[in-house]
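Beneath this line is the structure, given in structure tokens, with notes to follow.
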Amino acid sequence: MIIIGEKINGAIPSVSKAIEARDEDAIRDLVRKQVDAGASYIDVCAGRAPENEKDEMLWLIGVIESETDTPLCVDSPNPKLLELLIPRIKTKGIANSISGEGDKCDVLLPVVKEYGWDVIALTCDDTGIPAKADKKTEIAFRLIQKCAEYGIPPDRIYVDPLVLALSAVNDSMVNFMQAITDIKAKYPTVRFTSGLSNISYGMPYRKIVNQLFLALAMSVGMDSAIVDPTNRDIIATILAAEALLNQDKFCRRYNKAYRAGKFG
């Protein structure tokens, strides 16, 4: 499982406060904890006022890069900002994200190609986020084909089928899983990613819904997740699911992590 550490996000009140105060120590601490917990990438998202996003992202990236060589997943709804940031970053990472909305693909994909980055592709377009698997799949196919026009192969694309809240859309998980299955049938080397919190919005005891969403999604091919790598329950879920899916020979990673006190 490719773990994208989610903790450096200005939508989190404590992180927003650290960004506003330019508290380098607080950001460095979040970086160290996620890297030590096994994050494959560090997500970085200012998530605050759009007019300050450029300066805040440049500051965050500078602090993170001074602390670790772990690659970044650079997260912004503004493709022009990502276009500006990517050439300034030391290590190839993941651009988050393109979609079928507006000109996002044509703005961002040339720089993704030039610098050899991977890219997250969201299954939404100018009509919104579809609920049904066939529409999610249709948008994903268009985005994969658009990437191909820029010489970006499927194995550098992370499709996010954008799961909807189960409390509002009862077949949300079923459609999410079907979309992964259908996309993977045509493009077997495409990767898949998702955050966890949307699925459980509006429900009690959200953590169990998130954990089971993660395990079920892994069972149909989701191989990446945007999660808190310091969350012991999440790490236990990932490791147990990998063992159950025959992705961990003799359960070695599971047993090693347990002995190291990563969970349990």
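All residue names refer to the structure tokens as shown: chains lettered A, B, ... in order, residues numbered from 1 in each chain, ligands numbered from 1 in order.
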
For this session: Name the residues in contact with Glu53 (chain A) at a cut-off of 12 Å, using only C-alpha atoms, excluding same-chain residues fewer than 4 positions from it; report them as a ChimeraX atom specification.
Result: /A:9-10,16,19-20,44-49,57-61,75-78,80-82,84-85

Problem set entry | Close residues, region 35-43 of chain A itself excluded, 7 Å, only C-alpha atoms, min 6 positions apart in chain, as a count of residues only | 14

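The shortest atom-to-atom distance to Asp125 (chain A), with only C-alpha atoms taken into account, belongs to A:Glu101 out of A:Glu242, A:Glu101, A:Glu138, A:Asp171.
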
For this session: Could you tell me, as an NGL selection string, which residues of region 85-226 of chain A DSSP assigns to alpha helix (DSSP H) when given the backbone?
Result: :A and (85 or 104-115 or 133-149 or 172-186 or 206-219)

Exercise. Using only C-alpha atoms, which of A:Pro161, A:Gly264, A:Pro79, A:Pro13 sits nearest Ala121 (chain A)?
Worked result: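 Closest to Ala121 (chain A) of all the choices is A:Pro161.
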
For this session: Identify, on the basis of only C-alpha atoms, every residue whose closest approach to Ile64 (chain A) does not exceed 8 Å; exclude the query and any residue fewer than 3 positions from it along the same chain; express the result as a PyMOL selection string.
Result: chain A and resi 27-28+31+60-61+67-68

Problem set entry | Near-Ile144 (chain A) list (10 Å; only C-alpha atoms; drop same-chain fewer than 2 positions) as a list of chain:residue names | A:Ala121, A:Ile139, A:Ala140, A:Phe141, A:Arg142, A:Lys146, A:Cys147, A:Ala148, A:Glu149, A:Ile152, A:Pro153, A:Pro154, A:Arg156, A:Ile157, A:Tyr158, A:Val159, A:Ile183, A:Tyr187, A:Val190

Atoms to include: C-alpha atoms. Write the selected residues as a compact mmCIF listing (two decimals), in the first residue's frame.
```txt
# COMPACT_ATOMS: atom_id res chain seq x y z
CA ALA A 121 -7.07 11.99 -11.58
CA ILE A 139 -14.57 10.19 -16.84
CA ALA A 140 -11.56 8.11 -15.78
CA PHE A 141 -11.15 6.76 -19.31
CA ARG A 142 -11.21 10.30 -20.71
CA LYS A 146 -5.86 12.81 -22.07
CA CYS A 147 -2.73 11.85 -20.13
CA ALA A 148 -1.69 9.60 -23.02
CA GLU A 149 -1.84 12.60 -25.36
CA ILE A 152 1.98 10.10 -19.48
CA PRO A 153 1.42 6.31 -19.19
CA PRO A 154 -1.28 4.67 -17.05
CA ARG A 156 1.85 7.19 -13.48
CA ILE A 157 -1.83 7.90 -12.89
CA TYR A 158 -3.67 7.49 -9.58
CA VAL A 159 -7.41 7.45 -10.24
CA ILE A 183 -11.18 0.83 -14.92
CA TYR A 187 -6.02 -0.27 -17.73
CA VAL A 190 -3.40 2.33 -13.40
```

For this session: Apply DSSP to the structure's backbone, then extract all residues of region 92-239 of chain A labelled strand (DSSP E) and return them as a list in words.
Result: Ile94, Ala95, Asn96, Ser97, Ile98, Ser99, Gly100, Asp118, Val119, Ile120, Ala121, Leu122, Thr123, Cys124, Asp125, Ile157, Tyr158, Val159, Asp160, Arg191, Phe192, Ser224, Ala225, Ile226 and Val227 of chain A

For this session: Enter the distance from CA of Phe213 (chain A) to CA of Pro130 (chain A), in Å, rounded to one decimal.
Result: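 It comes out at 18.7 Å.
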
Problem set entry | For Ala185 (chain A): contacts at 12 Å, only C-alpha atoms, fewer than 4 positions along chain excluded, given as a VMD selection string | chain A and resid 137 141 178 to 181 189 to 190 220 to 221

Output file for the selection above: C-alpha atoms, as an mmCIF file, in the first residue's frame:
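The resulting selection29.cif:
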```cif
data_model
loop_
_atom_site.group_PDB
_atom_site.id
_atom_site.type_symbol
_atom_site.label_atom_id
_atom_site.label_comp_id
_atom_site.auth_asym_id
_atom_site.auth_seq_id
_atom_site.Cartn_x
_atom_site.Cartn_y
_atom_site.Cartn_z
ATOM 1 C CA THR A 137 -15.454 5.026 -15.294
ATOM 2 C CA PHE A 141 -11.149 6.763 -19.308
ATOM 3 C CA GLN A 178 -17.310 -1.269 -9.383
ATOM 4 C CA ALA A 179 -15.559 1.736 -10.900
ATOM 5 C CA ILE A 180 -12.169 0.431 -9.752
ATOM 6 C CA THR A 181 -12.966 -3.005 -11.173
ATOM 7 C CA THR A 189 -1.420 -0.720 -14.558
ATOM 8 C CA VAL A 190 -3.403 2.327 -13.397
ATOM 9 C CA VAL A 220 -10.685 -4.731 -5.549
ATOM 10 C CA GLY A 221 -7.362 -3.063 -6.260
#
```

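Distance-wise, CA of Asp29 (chain A) and CA of Asn96 (chain A) end up 23.1 Å apart.
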
For this session: Might you pull out every residue within 9 Å of region 256-262 of chain A, with only C-alpha atoms counted and same-chain residues fewer than 4 positions away left off, and present them as a list in words?
Result: Ala37, Thr230, Arg232, Ile235, Ala236, Leu239, Cys251 and Arg252 of chain A

Problem set entry | Distance query Val112 (chain A) at most 8 Å, only C-alpha atoms, self and fewer than 6 positions along chain excluded, as a ChimeraX atom specification | /A:86,95,118-119

Problem set entry | Nearest to Lys92 (chain A) by atom-to-atom distance, counting only C-alpha atoms, from A:Ser197, A:Ala243, A:Lys113, A:Ala215 | A:Lys113
